[in-house]
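For reference, the structure is listed below as structure tokens.
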Amino acid sequence: MSQAILLILFTGCGETKLPPNGRSSSETSDSEPVDVVSCGSEWEEGEEGVWYDPVACVAWSPASDVVTWHEAVDSAEAISGGCSETCDEDDSNNYCVNLSLGGLTNWRVPTISEIENLATRQPPFESILHDLWSINSDSMNNLAWTANLDQPGMSVLLEKNSQAHVRCVAD
């Protein structure tokens with residue numbers, strides 16, 4: 001049964017063809033741009049180092065410089081994740097939310113499952129030696145889940161004020 005479901009996911013994703021720039025942008029009736037990620041049947045590098053994932057049907061940003069978890073996530077998530085003393089509603093620390101690359105502006109911090117799944121598929125990204133932040137955290141213990149793309153199957157909890165990279169994802 002899981003093979004049938006997997007086949008449906010691959011087929012559904014592979015039917016959409018990527019435009020030359022690797023993404024599709026449509027407009028609403030009010031002429032406001034809407035970020036839409038299309039996926040093709042294989043990995044494609046778009047503008048500004050953005051990679052389009054044919055399996056997950058998402059876009060992946062280049063890796064950031066090292067940041068804390070609180071800097072990677074949006075302000076509301078940082079505050080609910082235990083950063084009430086040093087975080088505020090200032091948008092300057094919202095790395096993924098503020099990202100605008102390849103014509104996409106709907107970036108977010110990926111889940112640990114998304115990073116783990118990505119690691120098992122060996123994406124064509126440049127290697128980095130550090131862990132990648134996920135949105136998944138434990139506010140009680142000030143820890144967040146990370147994973148390294150070069151070590152599939154290995155996830156590690158880091159203190160949120162530690163330094164790690166983030167690869168933002170856009171749907």
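Going by the structure tokens order, chains are called A, B, ..., each with residues numbered from 1, while ligands are numbered from 1 in the order shown.
For segment 46-134 of chain A, backbone-based DSSP labels the following residues as helix (DSSP H, G or I): Glu47, Glu48, Gly49, Trp69, His70, Glu71, Ala72, Ser75, Ala76, Glu77, Ala78, Ile79, Ser80, Asp91, Ser92, Asn93, Tyr95, Cys96, Val97, Asn98, Ile112, Ser113, Glu114, Ile115, Glu116, Asn117, Leu118, Ala119 and Thr120 of chain A.
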Written selection (N, CA and C atoms) as an mmCIF file, in the first residue's frame:
```cif
data_model
loop_
_atom_site.group_PDB
_atom_site.id
_atom_site.type_symbol
_atom_site.label_atom_id
_atom_site.label_comp_id
_atom_site.auth_asym_id
_atom_site.auth_seq_id
_atom_site.Cartn_x
_atom_site.Cartn_y
_atom_site.Cartn_z
ATOM 1 N N GLU A 47 16.940 30.805 -9.962
ATOM 2 C CA GLU A 47 17.657 32.050 -9.709
ATOM 3 C C GLU A 47 18.151 32.133 -8.271
ATOM 4 N N GLU A 48 19.280 32.790 -8.085
ATOM 5 C CA GLU A 48 19.838 33.106 -6.770
ATOM 6 C C GLU A 48 20.119 31.879 -5.910
ATOM 7 N N GLY A 49 20.443 30.753 -6.521
ATOM 8 C CA GLY A 49 20.806 29.558 -5.768
ATOM 9 C C GLY A 49 19.647 28.798 -5.166
ATOM 10 N N TRP A 69 18.629 29.815 16.568
ATOM 11 C CA TRP A 69 17.274 29.390 16.213
ATOM 12 C C TRP A 69 16.322 30.570 16.294
ATOM 13 N N HIS A 70 16.488 31.398 17.326
ATOM 14 C CA HIS A 70 15.605 32.549 17.510
ATOM 15 C C HIS A 70 15.703 33.530 16.349
ATOM 16 N N GLU A 71 16.875 33.647 15.722
ATOM 17 C CA GLU A 71 17.044 34.529 14.568
ATOM 18 C C GLU A 71 16.451 33.928 13.300
ATOM 19 N N ALA A 72 16.436 32.615 13.204
ATOM 20 C CA ALA A 72 15.946 31.940 11.996
ATOM 21 C C ALA A 72 14.427 31.974 11.891
ATOM 22 N N SER A 75 9.380 36.159 14.724
ATOM 23 C CA SER A 75 9.374 36.703 16.094
ATOM 24 C C SER A 75 8.369 36.012 17.006
ATOM 25 N N ALA A 76 7.165 35.757 16.501
ATOM 26 C CA ALA A 76 6.141 35.115 17.332
ATOM 27 C C ALA A 76 6.590 33.718 17.748
ATOM 28 N N GLU A 77 7.174 32.973 16.818
ATOM 29 C CA GLU A 77 7.669 31.618 17.137
ATOM 30 C C GLU A 77 8.822 31.704 18.137
ATOM 31 N N ALA A 78 9.711 32.676 17.959
ATOM 32 C CA ALA A 78 10.847 32.837 18.873
ATOM 33 C C ALA A 78 10.363 33.122 20.288
ATOM 34 N N ILE A 79 9.378 33.994 20.409
ATOM 35 C CA ILE A 79 8.845 34.325 21.736
ATOM 36 C C ILE A 79 8.163 33.119 22.364
ATOM 37 N N SER A 80 7.330 32.408 21.586
ATOM 38 C CA SER A 80 6.670 31.220 22.137
ATOM 39 C C SER A 80 7.670 30.097 22.379
ATOM 40 N N ASP A 91 11.064 42.694 13.322
ATOM 41 C CA ASP A 91 11.153 41.750 12.210
ATOM 42 C C ASP A 91 12.577 41.512 11.711
ATOM 43 N N SER A 92 13.565 42.220 12.235
ATOM 44 C CA SER A 92 14.927 42.095 11.702
ATOM 45 C C SER A 92 15.540 40.723 11.950
ATOM 46 N N ASN A 93 15.044 39.968 12.915
ATOM 47 C CA ASN A 93 15.596 38.643 13.195
ATOM 48 C C ASN A 93 14.860 37.517 12.493
ATOM 49 N N TYR A 95 14.763 35.575 9.874
ATOM 50 C CA TYR A 95 15.558 35.267 8.687
ATOM 51 C C TYR A 95 14.715 34.702 7.538
ATOM 52 N N CYS A 96 14.019 33.610 7.768
ATOM 53 C CA CYS A 96 13.267 32.986 6.670
ATOM 54 C C CYS A 96 12.088 33.839 6.217
ATOM 55 N N VAL A 97 11.359 34.413 7.148
ATOM 56 C CA VAL A 97 10.199 35.233 6.802
ATOM 57 C C VAL A 97 10.621 36.428 5.951
ATOM 58 N N ASN A 98 11.774 37.012 6.239
ATOM 59 C CA ASN A 98 12.248 38.189 5.510
ATOM 60 C C ASN A 98 12.968 37.850 4.212
ATOM 61 N N ILE A 112 11.651 19.306 11.023
ATOM 62 C CA ILE A 112 12.731 18.320 11.103
ATOM 63 C C ILE A 112 12.466 17.173 10.137
ATOM 64 N N SER A 113 11.224 16.803 9.932
ATOM 65 C CA SER A 113 10.892 15.735 8.976
ATOM 66 C C SER A 113 11.283 16.124 7.553
ATOM 67 N N GLU A 114 11.056 17.384 7.194
ATOM 68 C CA GLU A 114 11.433 17.837 5.857
ATOM 69 C C GLU A 114 12.946 17.760 5.655
ATOM 70 N N ILE A 115 13.714 18.158 6.669
ATOM 71 C CA ILE A 115 15.174 18.097 6.561
ATOM 72 C C ILE A 115 15.647 16.649 6.523
ATOM 73 N N GLU A 116 15.087 15.798 7.381
ATOM 74 C CA GLU A 116 15.469 14.382 7.397
ATOM 75 C C GLU A 116 15.160 13.716 6.062
ATOM 76 N N ASN A 117 13.989 13.989 5.506
ATOM 77 C CA ASN A 117 13.635 13.412 4.204
ATOM 78 C C ASN A 117 14.557 13.921 3.115
ATOM 79 N N LEU A 118 14.906 15.182 3.169
ATOM 80 C CA LEU A 118 15.823 15.762 2.197
ATOM 81 C C LEU A 118 17.189 15.088 2.272
ATOM 82 N N ALA A 119 17.681 14.852 3.470
ATOM 83 C CA ALA A 119 18.997 14.236 3.660
ATOM 84 C C ALA A 119 19.059 12.834 3.055
ATOM 85 N N THR A 120 17.984 12.085 3.128
ATOM 86 C CA THR A 120 17.996 10.717 2.587
ATOM 87 C C THR A 120 17.970 10.702 1.063
#
```
Distance query segment 125-128 of chain A at most 8 Å, only C-alpha atoms, self and fewer than 5 positions along chain excluded, as a list in words =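 So the residues in contact are Trp51, Pro62, Leu149 and Asp150 of chain A.
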Please measure the separation of atom CA of Asp131 of chain A and atom CA of Val50 of chain A, giving the value in Å to one decimal.
->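 Spanning atom CA of Asp131 of chain A to atom CA of Val50 of chain A is a straight-line distance of 18.9 Å.
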Considering only C-alpha atoms, state which residue in the set A:Leu143, A:Val55, A:Val73, A:Met154 is at the smallest distance from Trp107 of chain A.
->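 That would be A:Val73, the residue with the smallest distance to Trp107 of chain A.
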Looking only at strand (DSSP E or B) from DSSP on the backbone, list the matching residues of segment 23-168 of chain A as a ChimeraX atom specification.
-> /A:24-27,33-36,44-45,51-53,58-60,67,101,104,107-108,132-138,143-147,155-159,164-165
Can you work out which one of A:Leu132, A:Arg108, A:Glu44, A:Cys39 has the shortest atom-to-atom distance to His165 of chain A, counting only C-alpha atoms?
->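 Of A:Leu132, A:Arg108, A:Glu44, A:Cys39, the one nearest His165 of chain A is A:Leu132, counting only C-alpha atoms.
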For atom CA of Arg121 of chain A and atom CA of Ala147 of chain A, quote the distance in Å rounded to one decimal.
->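 Between atom CA of Arg121 of chain A and atom CA of Ala147 of chain A the gap is 13.7 Å.
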Return the single residue from A:Gly103, A:Pro110, A:Pro124, A:Pro54 that is closest to Cys168 of chain A, with distances computed using only C-alpha atoms.
-> A:Pro110
Go through A:Asn106, A:Ser100, A:Ser38, A:Asn142 and flag the residue nearest Asp53 of chain A, using only C-alpha atoms for the distances.
-> A:Ser38
